[in-house]
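Enquirer: File coords-v9.cif follows (mmCIF, C-alpha atoms; chains and numbers go by the auth columns):
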data_final
loop_
_atom_site.group_PDB
_atom_site.id
_atom_site.type_symbol
_atom_site.label_atom_id
_atom_site.label_comp_id
_atom_site.label_asym_id
_atom_site.label_seq_id
_atom_site.Cartn_x
_atom_site.Cartn_y
_atom_site.Cartn_z
_atom_site.B_iso_or_equiv
_atom_site.auth_seq_id
_atom_site.auth_asym_id
ATOM 1 C CA MET A 1 13.143 5.501 44.938 0.00 498 A
ATOM 2 C CA PRO A 2 14.969 2.138 44.686 0.00 499 A
ATOM 3 C CA SER A 3 16.061 0.965 41.258 0.00 500 A
ATOM 4 C CA THR A 4 14.183 -1.911 39.651 0.00 501 A
ATOM 5 C CA LYS A 5 17.475 -3.236 38.360 0.00 502 A
ATOM 6 C CA VAL A 6 18.220 -6.511 40.158 0.00 503 A
ATOM 7 C CA SER A 7 21.961 -6.473 39.495 0.00 504 A
ATOM 8 C CA LYS A 8 24.446 -4.994 37.078 0.00 505 A
ATOM 9 C CA ASN A 9 23.893 -8.035 34.873 0.00 506 A
ATOM 10 C CA SER A 10 20.092 -8.039 34.919 0.00 507 A
ATOM 11 C CA PHE A 11 17.427 -5.630 33.711 0.00 508 A
ATOM 12 C CA LYS A 12 14.536 -7.647 35.068 0.00 509 A
ATOM 13 C CA GLY A 13 11.491 -5.485 35.721 0.00 510 A
ATOM 14 C CA GLN A 14 12.666 -2.777 33.310 0.00 511 A
ATOM 15 C CA SER A 15 11.472 -1.930 29.828 0.00 512 A
ATOM 16 C CA ILE A 16 13.628 -1.168 26.825 0.00 513 A
ATOM 17 C CA TYR A 17 11.884 0.944 24.163 0.00 514 A
ATOM 18 C CA ILE A 18 13.169 0.379 20.644 0.00 515 A
ATOM 19 C CA GLY A 19 12.540 2.768 17.769 0.00 516 A
ATOM 20 C CA ILE A 20 13.494 1.289 14.383 0.00 517 A
ATOM 21 C CA ASP A 21 13.908 3.337 11.214 0.00 518 A
ATOM 22 C CA CYS A 22 13.837 0.601 8.582 0.00 519 A
ATOM 23 C CA HIS A 23 15.704 0.656 5.279 0.00 520 A
ATOM 24 C CA HIS A 24 16.602 -2.063 2.799 0.00 521 A
ATOM 25 C CA LYS A 25 20.292 -2.298 3.703 0.00 522 A
ATOM 26 C CA SER A 26 20.358 -1.147 7.326 0.00 523 A
ATOM 27 C CA TRP A 27 18.284 -0.026 10.292 0.00 524 A
ATOM 28 C CA LYS A 28 18.836 2.934 12.548 0.00 525 A
ATOM 29 C CA VAL A 29 17.841 1.800 16.051 0.00 526 A
ATOM 30 C CA THR A 30 17.355 3.944 19.168 0.00 527 A
ATOM 31 C CA LEU A 31 17.102 2.327 22.610 0.00 528 A
ATOM 32 C CA LEU A 32 15.506 4.082 25.580 0.00 529 A
ATOM 33 C CA SER A 33 14.932 3.009 29.171 0.00 530 A
ATOM 34 C CA ASP A 34 12.166 4.485 31.302 0.00 531 A
ATOM 35 C CA ASN A 35 14.401 7.436 32.186 0.00 532 A
ATOM 36 C CA PHE A 36 17.347 7.574 29.812 0.00 533 A
ATOM 37 C CA GLU A 37 18.371 7.424 26.178 0.00 534 A
ATOM 38 C CA LEU A 38 20.681 4.427 26.053 0.00 535 A
ATOM 39 C CA LYS A 39 21.986 4.207 22.525 0.00 536 A
ATOM 40 C CA THR A 40 21.404 4.928 18.840 0.00 537 A
ATOM 41 C CA MET A 41 23.098 2.559 16.419 0.00 538 A
ATOM 42 C CA SER A 42 23.063 1.167 12.914 0.00 539 A
ATOM 43 C CA ARG A 43 22.120 -2.491 12.578 0.00 540 A
ATOM 44 C CA ASP A 44 21.789 -5.008 9.794 0.00 541 A
ATOM 45 C CA PRO A 45 18.100 -5.429 8.850 0.00 542 A
ATOM 46 C CA ASP A 46 17.803 -8.650 10.827 0.00 543 A
ATOM 47 C CA PRO A 47 15.347 -9.127 13.736 0.00 544 A
ATOM 48 C CA GLY A 48 17.276 -12.088 15.102 0.00 545 A
ATOM 49 C CA SER A 49 20.534 -10.138 15.289 0.00 546 A
ATOM 50 C CA LEU A 50 18.816 -7.235 17.048 0.00 547 A
ATOM 51 C CA VAL A 51 17.230 -9.499 19.642 0.00 548 A
ATOM 52 C CA SER A 52 20.570 -11.217 20.278 0.00 549 A
ATOM 53 C CA TYR A 53 22.099 -7.790 20.937 0.00 550 A
ATOM 54 C CA LEU A 54 19.299 -6.862 23.342 0.00 551 A
ATOM 55 C CA GLU A 55 19.557 -10.133 25.257 0.00 552 A
ATOM 56 C CA LEU A 56 23.334 -9.712 25.554 0.00 553 A
ATOM 57 C CA HIS A 57 23.335 -6.087 26.743 0.00 554 A
ATOM 58 C CA TYR A 58 19.943 -5.818 28.478 0.00 555 A
ATOM 59 C CA PRO A 59 19.150 -9.331 29.729 0.00 556 A
ATOM 60 C CA GLY A 60 15.851 -9.889 31.465 0.00 557 A
ATOM 61 C CA ALA A 61 14.249 -6.637 30.280 0.00 558 A
ATOM 62 C CA GLU A 62 10.881 -6.373 28.579 0.00 559 A
ATOM 63 C CA TYR A 63 11.548 -5.342 24.979 0.00 560 A
ATOM 64 C CA LYS A 64 9.088 -3.057 23.200 0.00 561 A
ATOM 65 C CA ALA A 65 9.639 -2.006 19.593 0.00 562 A
ATOM 66 C CA VAL A 66 7.970 0.120 16.942 0.00 563 A
ATOM 67 C CA TYR A 67 8.592 1.014 13.303 0.00 564 A
ATOM 68 C CA GLU A 68 6.677 2.876 10.615 0.00 565 A
ATOM 69 C CA SER A 69 4.599 0.978 8.073 0.00 566 A
ATOM 70 C CA GLY A 70 6.241 0.849 4.692 0.00 567 A
ATOM 71 C CA PHE A 71 7.945 -1.312 2.110 0.00 568 A
ATOM 72 C CA ASN A 72 8.610 -4.267 4.426 0.00 569 A
ATOM 73 C CA GLY A 73 5.000 -4.677 5.513 0.00 570 A
ATOM 74 C CA PHE A 74 4.559 -6.681 8.705 0.00 571 A
ATOM 75 C CA THR A 75 7.274 -9.300 8.258 0.00 572 A
ATOM 76 C CA VAL A 76 9.663 -7.636 10.716 0.00 573 A
ATOM 77 C CA CYS A 77 6.886 -7.211 13.274 0.00 574 A
ATOM 78 C CA ARG A 78 5.850 -10.859 13.104 0.00 575 A
ATOM 79 C CA GLU A 79 9.435 -12.038 13.462 0.00 576 A
ATOM 80 C CA LEU A 80 10.127 -9.764 16.436 0.00 577 A
ATOM 81 C CA ARG A 81 6.944 -10.956 18.135 0.00 578 A
ATOM 82 C CA ARG A 82 8.020 -14.538 17.544 0.00 579 A
ATOM 83 C CA LEU A 83 11.264 -13.645 19.323 0.00 580 A
ATOM 84 C CA ARG A 84 9.249 -12.305 22.302 0.00 581 A
ATOM 85 C CA VAL A 85 9.526 -8.613 21.489 0.00 582 A
ATOM 86 C CA ASP A 86 6.327 -6.605 21.943 0.00 583 A
ATOM 87 C CA CYS A 87 6.438 -4.985 18.503 0.00 584 A
ATOM 88 C CA GLN A 88 3.977 -2.549 16.977 0.00 585 A
ATOM 89 C CA VAL A 89 3.683 -0.867 13.597 0.00 586 A
ATOM 90 C CA VAL A 90 2.602 2.756 13.359 0.00 587 A
ATOM 91 C CA HIS A 91 1.253 4.597 10.331 0.00 588 A
ATOM 92 C CA ALA A 92 3.671 7.334 9.254 0.00 589 A
ATOM 93 C CA MET A 93 0.862 9.915 9.344 0.00 590 A
ATOM 94 C CA ASP A 94 0.296 9.134 13.039 0.00 591 A
ATOM 95 C CA VAL A 95 3.841 10.127 13.993 0.00 592 A
ATOM 96 C CA PRO A 96 3.804 13.767 15.168 0.00 593 A
ATOM 97 C CA SER A 97 6.212 15.968 13.215 0.00 594 A
ATOM 98 C CA THR A 98 7.232 19.573 13.836 0.00 595 A
ATOM 99 C CA HIS A 99 8.621 22.008 11.279 0.00 596 A
ATOM 100 C CA LYS A 100 12.060 21.525 12.844 0.00 597 A
ATOM 101 C CA ASP A 101 11.749 17.745 12.450 0.00 598 A
ATOM 102 C CA ARG A 102 11.027 18.140 8.743 0.00 599 A
ATOM 103 C CA GLN A 103 13.906 20.586 8.250 0.00 600 A
ATOM 104 C CA GLN A 104 16.426 18.402 10.115 0.00 601 A
ATOM 105 C CA LYS A 105 15.108 14.972 9.168 0.00 602 A
ATOM 106 C CA SER A 106 17.562 12.095 9.630 0.00 603 A
ATOM 107 C CA ASP A 107 17.413 8.372 10.296 0.00 604 A
ATOM 108 C CA LYS A 108 18.761 8.959 13.812 0.00 605 A
ATOM 109 C CA SER A 109 16.119 11.544 14.680 0.00 606 A
ATOM 110 C CA ASP A 110 13.397 9.339 13.162 0.00 607 A
ATOM 111 C CA SER A 111 14.335 6.307 15.258 0.00 608 A
ATOM 112 C CA ARG A 112 14.616 8.446 18.409 0.00 609 A
ATOM 113 C CA LYS A 113 11.204 9.991 17.795 0.00 610 A
ATOM 114 C CA LEU A 114 9.658 6.549 17.365 0.00 611 A
ATOM 115 C CA ALA A 115 11.239 5.270 20.579 0.00 612 A
ATOM 116 C CA GLN A 116 10.042 8.341 22.494 0.00 613 A
ATOM 117 C CA LEU A 117 6.556 7.934 21.056 0.00 614 A
ATOM 118 C CA LEU A 118 6.523 4.302 22.134 0.00 615 A
ATOM 119 C CA ARG A 119 7.695 5.146 25.649 0.00 616 A
ATOM 120 C CA SER A 120 4.961 7.776 26.065 0.00 617 A
ATOM 121 C CA SER A 121 2.272 5.481 24.549 0.00 618 A
ATOM 122 C CA GLY A 122 1.573 8.324 22.160 0.00 619 A
ATOM 123 C CA PHE A 123 0.096 6.359 19.276 0.00 620 A
ATOM 124 C CA LYS A 124 -2.204 3.530 18.334 0.00 621 A
ATOM 125 C CA GLY A 125 -0.539 0.742 16.401 0.00 622 A
ATOM 126 C CA ILE A 126 -1.840 -0.641 13.118 0.00 623 A
ATOM 127 C CA ASP A 127 -3.615 -3.983 13.266 0.00 624 A
ATOM 128 C CA VAL A 128 -1.161 -6.635 12.070 0.00 625 A
ATOM 129 C CA PRO A 129 -3.053 -9.170 9.946 0.00 626 A
ATOM 130 C CA PRO A 130 -2.152 -12.838 9.602 0.00 627 A
ATOM 131 C CA ARG A 131 0.356 -13.481 6.830 0.00 628 A
ATOM 132 C CA HIS A 132 -2.175 -15.162 4.515 0.00 629 A
ATOM 133 C CA ILE A 133 -4.569 -12.211 4.754 0.00 630 A
ATOM 134 C CA GLU A 134 -1.756 -9.798 3.904 0.00 631 A
ATOM 135 C CA MET A 135 -1.099 -11.928 0.820 0.00 632 A
ATOM 136 C CA ASP A 136 -4.769 -11.882 -0.187 0.00 633 A
ATOM 137 C CA ARG A 137 -4.818 -8.106 0.151 0.00 634 A
ATOM 138 C CA LYS A 138 -2.138 -7.923 -2.539 0.00 635 A
ATOM 139 C CA LEU A 139 -4.659 -9.305 -5.015 0.00 636 A
ATOM 140 C CA LEU A 140 -7.218 -6.672 -4.082 0.00 637 A
ATOM 141 C CA ARG A 141 -4.619 -3.924 -4.400 0.00 638 A
ATOM 142 C CA GLN A 142 -3.636 -5.238 -7.810 0.00 639 A
ATOM 143 C CA HIS A 143 -7.268 -4.864 -8.829 0.00 640 A
ATOM 144 C CA PHE A 144 -7.328 -1.244 -7.640 0.00 641 A
ATOM 145 C CA SER A 145 -4.035 -0.527 -9.390 0.00 642 A
ATOM 146 C CA LEU A 146 -5.117 -2.047 -12.706 0.00 643 A
ATOM 147 C CA THR A 147 -8.401 -0.157 -12.578 0.00 644 A
ATOM 148 C CA ARG A 148 -6.535 3.131 -12.164 0.00 645 A
ATOM 149 C CA MET A 149 -4.119 2.220 -14.960 0.00 646 A
ATOM 150 C CA LEU A 150 -6.964 1.412 -17.353 0.00 647 A
ATOM 151 C CA THR A 151 -8.767 4.662 -16.524 0.00 648 A
ATOM 152 C CA ALA A 152 -5.538 6.588 -17.114 0.00 649 A
ATOM 153 C CA GLU A 153 -5.091 4.975 -20.537 0.00 650 A
ATOM 154 C CA LYS A 154 -8.661 5.827 -21.547 0.00 651 A
ATOM 155 C CA ASN A 155 -8.104 9.403 -20.402 0.00 652 A
ATOM 156 C CA ARG A 156 -4.961 9.630 -22.521 0.00 653 A
ATOM 157 C CA VAL A 157 -6.975 8.703 -25.583 0.00 654 A
ATOM 158 C CA LYS A 158 -9.658 11.287 -24.827 0.00 655 A
ATOM 159 C CA SER A 159 -7.038 13.949 -24.116 0.00 656 A
ATOM 160 C CA THR A 160 -5.335 13.212 -27.440 0.00 657 A
ATOM 161 C CA LEU A 161 -8.632 13.530 -29.295 0.00 658 A
ATOM 162 C CA PHE A 162 -9.346 16.837 -27.558 0.00 659 A
ATOM 163 C CA GLN A 163 -5.785 18.101 -28.163 0.00 660 A
ATOM 164 C CA PHE A 164 -6.147 17.664 -31.915 0.00 661 A
ATOM 165 C CA GLY A 165 -9.758 18.803 -32.173 0.00 662 A
ATOM 166 C CA ILE A 166 -11.296 15.387 -32.882 0.00 663 A
ATOM 167 C CA GLU A 167 -14.832 15.067 -31.546 0.00 664 A
ATOM 168 C CA ILE A 168 -16.386 11.770 -30.493 0.00 665 A
ATOM 169 C CA PRO A 169 -19.465 11.184 -32.704 0.00 666 A
ATOM 170 C CA GLU A 170 -22.840 11.617 -31.044 0.00 667 A
ATOM 171 C CA ARG A 171 -23.759 8.012 -31.857 0.00 668 A
ATOM 172 C CA PHE A 172 -21.444 6.890 -29.070 0.00 669 A
ATOM 173 C CA SER A 173 -22.946 7.282 -25.632 0.00 670 A
ATOM 174 C CA SER A 174 -20.756 8.198 -22.665 0.00 671 A
ATOM 175 C CA SER A 175 -21.132 4.639 -21.349 0.00 672 A
ATOM 176 C CA GLN A 176 -19.798 3.222 -24.625 0.00 673 A
ATOM 177 C CA SER A 177 -16.722 5.419 -24.526 0.00 674 A
ATOM 178 C CA ARG A 178 -16.120 4.764 -20.812 0.00 675 A
ATOM 179 C CA SER A 179 -16.357 1.004 -21.250 0.00 676 A
ATOM 180 C CA TRP A 180 -14.496 1.003 -24.549 0.00 677 A
ATOM 181 C CA SER A 181 -17.166 -0.982 -26.322 0.00 678 A
ATOM 182 C CA LYS A 182 -16.174 -3.001 -29.369 0.00 679 A
ATOM 183 C CA VAL A 183 -17.817 -0.571 -31.754 0.00 680 A
ATOM 184 C CA PHE A 184 -16.190 2.444 -30.057 0.00 681 A
ATOM 185 C CA ILE A 185 -12.737 0.869 -30.267 0.00 682 A
ATOM 186 C CA GLY A 186 -13.413 0.122 -33.908 0.00 683 A
ATOM 187 C CA TRP A 187 -14.034 3.820 -34.517 0.00 684 A
ATOM 188 C CA LEU A 188 -10.909 4.802 -32.580 0.00 685 A
ATOM 189 C CA ARG A 189 -8.783 2.497 -34.712 0.00 686 A
ATOM 190 C CA SER A 190 -9.925 4.042 -37.994 0.00 687 A
ATOM 191 C CA ILE A 191 -10.822 7.692 -37.448 0.00 688 A
ATOM 192 C CA SER A 192 -11.536 9.318 -40.791 0.00 689 A
ATOM 193 C CA ASP A 193 -9.325 12.138 -42.086 0.00 690 A
ATOM 194 C CA ILE A 194 -6.686 11.631 -39.369 0.00 691 A
ATOM 195 C CA ASP A 195 -2.955 11.953 -39.815 0.00 692 A
ATOM 196 C CA PRO A 196 -1.453 8.433 -39.818 0.00 693 A
ATOM 197 C CA ARG A 197 1.114 9.484 -37.218 0.00 694 A
ATOM 198 C CA LEU A 198 -1.620 10.495 -34.787 0.00 695 A
ATOM 199 C CA GLN A 199 -3.595 7.327 -35.516 0.00 696 A
ATOM 200 C CA LEU A 200 -0.478 5.329 -34.664 0.00 697 A
ATOM 201 C CA SER A 201 -0.241 6.991 -31.241 0.00 698 A
ATOM 202 C CA ILE A 202 -3.926 6.407 -30.514 0.00 699 A
ATOM 203 C CA ASN A 203 -3.631 2.767 -31.549 0.00 700 A
ATOM 204 C CA ASN A 204 -0.693 2.344 -29.141 0.00 701 A
ATOM 205 C CA TYR A 205 -2.828 3.683 -26.288 0.00 702 A
ATOM 206 C CA ILE A 206 -5.600 1.286 -27.270 0.00 703 A
ATOM 207 C CA GLU A 207 -3.304 -1.753 -27.321 0.00 704 A
ATOM 208 C CA THR A 208 -1.899 -0.878 -23.910 0.00 705 A
ATOM 209 C CA GLY A 209 -5.399 -0.374 -22.546 0.00 706 A
ATOM 210 C CA LEU A 210 -6.609 -3.701 -23.919 0.00 707 A
ATOM 211 C CA LEU A 211 -3.691 -5.523 -22.324 0.00 708 A
ATOM 212 C CA ILE A 212 -4.500 -3.896 -18.978 0.00 709 A
ATOM 213 C CA ARG A 213 -8.184 -4.739 -19.368 0.00 710 A
ATOM 214 C CA LYS A 214 -7.350 -8.381 -20.075 0.00 711 A
ATOM 215 C CA GLN A 215 -5.252 -8.587 -16.909 0.00 712 A
ATOM 216 C CA LEU A 216 -7.940 -6.771 -14.925 0.00 713 A
ATOM 217 C CA LEU A 217 -10.519 -9.352 -15.996 0.00 714 A
ATOM 218 C CA GLU A 218 -8.190 -12.152 -14.891 0.00 715 A
ATOM 219 C CA VAL A 219 -7.617 -10.554 -11.479 0.00 716 A
ATOM 220 C CA THR A 220 -11.375 -10.014 -11.115 0.00 717 A
ATOM 221 C CA LYS A 221 -11.933 -13.743 -11.669 0.00 718 A
ATOM 222 C CA GLN A 222 -9.293 -14.532 -9.057 0.00 719 A
ATOM 223 C CA LEU A 223 -10.985 -12.196 -6.567 0.00 720 A
ATOM 224 C CA ARG A 224 -14.368 -13.792 -7.176 0.00 721 A
ATOM 225 C CA SER A 225 -12.847 -17.183 -6.495 0.00 722 A
ATOM 226 C CA LEU A 226 -11.182 -15.861 -3.343 0.00 723 A
ATOM 227 C CA SER A 227 -14.461 -14.350 -2.133 0.00 724 A
ATOM 228 C CA GLN A 228 -15.937 -17.850 -1.987 0.00 725 A
ATOM 229 C CA ALA A 229 -13.149 -19.160 0.239 0.00 726 A
ATOM 230 C CA GLY A 230 -14.255 -20.305 3.683 0.00 727 A
ATOM 231 C CA GLU A 231 -13.225 -17.342 5.824 0.00 728 A
ATOM 232 C CA TYR A 232 -14.433 -14.710 3.318 0.00 729 A
ATOM 233 C CA LYS A 233 -17.613 -16.320 2.013 0.00 730 A
ATOM 234 C CA GLU A 234 -19.987 -15.163 4.756 0.00 731 A
ATOM 235 C CA ASP A 235 -18.738 -11.577 4.811 0.00 732 A
ATOM 236 C CA PHE A 236 -18.889 -11.421 1.011 0.00 733 A
ATOM 237 C CA SER A 237 -22.461 -12.651 0.956 0.00 734 A
ATOM 238 C CA LEU A 238 -23.398 -9.991 3.531 0.00 735 A
ATOM 239 C CA LEU A 239 -21.791 -7.305 1.395 0.00 736 A
#
Show the structure stored in the file as structure tokens.

Expert:
Amino acid sequence: MPSTKVSKNSFKGQSIYIGIDCHHKSWKVTLLSDNFELKTMSRDPDPGSLVSYLELHYPGAEYKAVYESGFNGFTVCRELRRLRVDCQVVHAMDVPSTHKDRQQKSDKSDSRKLAQLLRSSGFKGIDVPPRHIEMDRKLLRQHFSLTRMLTAEKNRVKSTLFQFGIEIPERFSSSQSRSWSKVFIGWLRSISDIDPRLQLSINNYIETGLLIRKQLLEVTKQLRSLSQAGEYKEDFSLL
């Protein structure tokens, strides 16, 4: 079968598969052709530098890249696509892993596995949203995070009461205690016959919880405002 390589200086008609194991200070990059493993190397975390290397050593090829979703979001993917690299992002849970892989895990093996997965078309990439939508999602995730933090603080108070045998009076319904109503917080701040040291700890939990609740209310307002923005308004009204 004749080679698709036009000359020793051209890789036109060939594909180069690029597996990138991303870290803050460096990348481990594995390059594969259709039939061979070409190279595994460490690179600065810079899409432009990587593309310059590819164009110098594999000119004319079609470049295809993949990396796992993580701390750097989709910024690297967008930049590589801008530089004419067909880049995809894969969820870490979608990357097959054997017991041996887990026992001998390394950046080199991770980048090689990603490149091999890309070459075999063995995964479905994550949808890469526009940059502004990724930013808006941060606000929604902040809301989820603050909600969890507030629930955790309320649970700490209840656990402390249970730990020291303090029962919540029957006059407080479960909804009052869950929502931390004004009257319930008033009781928490001045529990009768309680050691002052324990009251101090409970009050600290309350103050932390109130600060979180204040921020949660602010983020909720911001989300409501965002929901009325042009591209979200119709979907929000349907929901």

Enquirer: Neighbouring residues of Ser618 in chain A were defined as those with any atom within 12 Å, considering all atoms listed in the file; residues of the same chain fewer than 3 positions away were excluded. Please report them as number ranges by chain.

Expert: A: 514, 561-563, 585, 587, 592, 611-615, 621-622

Enquirer: If we count all atoms listed in the file and set the cut-off at 7 Å, which residues sit around range 648-653 of chain A, ignoring sequence neighbours fewer than 4 positions away in its own chain? Please answer as a ChimeraX atom specification.

Expert: /A:644,657,702,706

Enquirer: Could you spell out the hits of the PyMOL selection byres ((chain A and resi 699) around 8) on the shown file, as JSON, numbers by chain?

Expert: {"A": [654, 657, 685, 686, 695, 696, 697, 698, 700, 701, 702, 703]}

Enquirer: Can you pull out every residue within 10 Å of range 517-528 of chain A, counting all atoms listed in the file, but drop anything in the same chain fewer than 4 positions away, and send it as a VMD selection string?

Expert: chain A and resid 513 533 to 543 547 551 560 to 569 573 603 to 613

Enquirer: Record the distance separating CA of Ser507 in chain A and CA of Pro556 in chain A, expressed in Å with one decimal.

Expert: 5.4 Å

Enquirer: CA of Val586 in chain A and CA of Glu552 in chain A are how many Å apart?

Expert: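 It comes out at 21.8 Å.
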
Enquirer: Return as lines of an AutoDock Vina configuration file the box centre and box size in Å, one decimal, for an axis-aligned box around all listed atoms of range 672-682 of chain A padded by 8 Å per side.

Expert:
center_x = -16.9
center_y = 1.2
center_z = -26.3
size_x = 24.4
size_y = 24.4
size_z = 26.9

Enquirer: What does the structure give for the distance between CA of Phe641 in chain A and CA of Leu713 in chain A, in Å to one decimal?

Expert: 9.2 Å

Enquirer: Would you mind listing what lies within 10 Å of His554 in chain A as a list in words, with only C-alpha atoms counted and same-chain residues fewer than 5 positions away left out?

Expert: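 These residues fall inside the cut-off: Asn506, Ser507, Phe508, Val548 and Ser549 of chain A.
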
Enquirer: Name the closest residue to Asp624 in chain A among the candidates A:Tyr555, A:Trp684, A:Cys574, A:Trp677; distances are taken between atoms, counting only C-alpha atoms.

Expert: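 Closest to Asp624 in chain A, using only C-alpha atoms: A:Cys574.
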
Enquirer: Which residue is closest to Val582 in chain A? Choose from A:Met646, A:Leu553, A:Met632, A:Ile515 and count all atoms listed in the file.

Expert: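 Under the stated criterion, the closest residue is A:Ile515.
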
Enquirer: Using only C-alpha atoms, which residue out of A:Gly570, A:Leu658, A:Glu664, A:Val680 lies closest to Pro627 in chain A?

Expert: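 Counting only C-alpha atoms, the residue closest to Pro627 in chain A is A:Gly570.
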
Enquirer: So which residues touch range 509-512 of chain A within 6 Å, counting only C-alpha atoms, skipping near sequence neighbours fewer than 6 positions away, as a list in words?

Expert: Thr501, Gly557, Ala558, Glu559 and Tyr560 of chain A

Enquirer: Restricting the calculation to only C-alpha atoms: of A:Pro666, A:Gln673, A:Asp690, A:Arg575, which residue gets closest to Arg628 in chain A?

Expert: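 Nearest to Arg628 in chain A: A:Arg575.
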
Enquirer: Using only C-alpha atoms, can you tell me which of A:Arg668, A:His640, A:Arg645, A:Arg694 comes closest to Arg721 in chain A?

Expert: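 Residue with the minimum atom-to-atom distance to Arg721 in chain A: A:His640.
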